[in-house]
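Peer 1: For reference, the structure I am asking about is given below.
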Amino acid sequence: MTFDVGAFMLQSVPFARTLDISFDKVEPGFAVARMPDRADLHNHVGGPHAGALFSLAESASGAAMLSAFGDQLARATPLAANAAIRYVKLAMGEVVAEARLRASREEVVARLDAGERPEFEVAVEIRTTDGTLVSEMTVAWTLRPNR
């Protein structure tokens with residue numbers, strides 16, 4: 001990767017900065033993002049609001065996607081096409097999201113080369129800092145060819 005995906009995400013997605021999301025690690029097809037425990041992000045039971053958890057997971061998935069396909073930005077625009085989240089357990093405190101690309105980079109780029117609009121998934125797990133799983137999310141991304 002020739003650019004800092006985490007910095008790019010925070011620059012291009014201001015809402016991620018609003019939530020104080022940070023990126024601990026970004027590697028090809030993989031990203032770890034973190035959101036601090038802030039009272040203004042809490043829900044009615046004192047943990048991170050469901051919308052904040054969704055945004056953390058979507059941000060992590062975007063970083064994992066960009067780490068694999070950032071070199072395609074000149075010819076395609078990445079767009080989240082669909083997302084499904086499951087809240088497993090009440091989250092309390094700081095949370096960490098791990099996102100993994102489920103598709104082969106080669107297959108996605110080949111479909112883009114063929115003039116198609118590839119769609120692929122990124123799986124995300126959100127855990128508390130002690131490792132407790134609190135949410136699972138799958139984001140379907142597409143690379144829309146630039147015309």
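For the structure tokens, the naming scheme is as follows: chains receive sequential letters (A, B, ...) according to their order of presentation, residues are indexed from 1 within each chain, and ligands are indexed from 1 in presentation order.
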As a PyMOL selection string, which residues of chain A does DSSP assign to alpha helix (DSSP H)?

Peer 2: chain A and resi 5-12+14-18+50-69+105-113

Peer 1: Considering only C-alpha atoms, return as a PyMOL selection string whatever protein or nucleic-acid residues lie within 8 Å of Pro48 (chain A), sequence-local ones (same chain, fewer than 2 positions apart) excluded.

Peer 2: chain A and resi 37-38+41-43+46+50+52-53+91-93

Peer 1: Name the residues of region 2-140 of chain A that come out as strand (DSSP E or B) in a backbone DSSP run; write them as a PyMOL selection string.

Peer 2: chain A and resi 22-27+30-35+42+48+76-87+95-101+119-128+133-140

Peer 1: What's the 6 Å shell around region 128-142 of chain A, counting only C-alpha atoms, without same-chain residues fewer than 3 positions away, as a PyMOL selection string?

Peer 2: chain A and resi 78-89+91+95+118-125

Peer 1: Closest to His49 (chain A) among A:Ala114, A:Lys25, A:Leu19, A:Ser67, using only C-alpha atoms?

Peer 2: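 Checking each of A:Ala114, A:Lys25, A:Leu19, A:Ser67 against His49 (chain A), counting only C-alpha atoms, the winner is A:Leu19.
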
Peer 1: From the set A:Gly62, A:Pro145, A:Gly47, A:Pro28, which residue has the shortest atom-to-atom contact distance to Ala16 (chain A), counting only C-alpha atoms?

Peer 2: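 Ranked by minimum distance to Ala16 (chain A), first place goes to A:Gly62.
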
Peer 1: Residues within 6 Å of Ala64 (chain A), please, as a PyMOL selection string. Count only C-alpha atoms; anything in the same chain fewer than 5 positions from it doesn't count.

Peer 2: chain A and resi 29-31

Peer 1: Pick the closest to Ala99 (chain A) from A:Leu143, A:Ala39, A:Ala33, A:Leu66: which is it, counting only C-alpha atoms?

Peer 2: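 Among the listed residues, A:Ala33 lies closest to Ala99 (chain A).
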
Peer 1: Rank nothing, just name the residue among A:His44, A:Val26, A:Gln11, A:Leu56 nearest to Arg127 (chain A), using only C-alpha atoms.

Peer 2: A:Leu56

Peer 1: Ranking A:Ser59, A:Ala110, A:Asp20, A:Gly70 by minimum distance to Ile126 (chain A) and counting only C-alpha atoms, which one comes first?

Peer 2: A:Ser59

Peer 1: Would you please work out which residue, of A:Glu107, A:Glu58, A:Asp40, A:Glu116, is nearest to Val13 (chain A) when using only C-alpha atoms?

Peer 2: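 For Val13 (chain A), the nearest of the candidates is A:Glu58.
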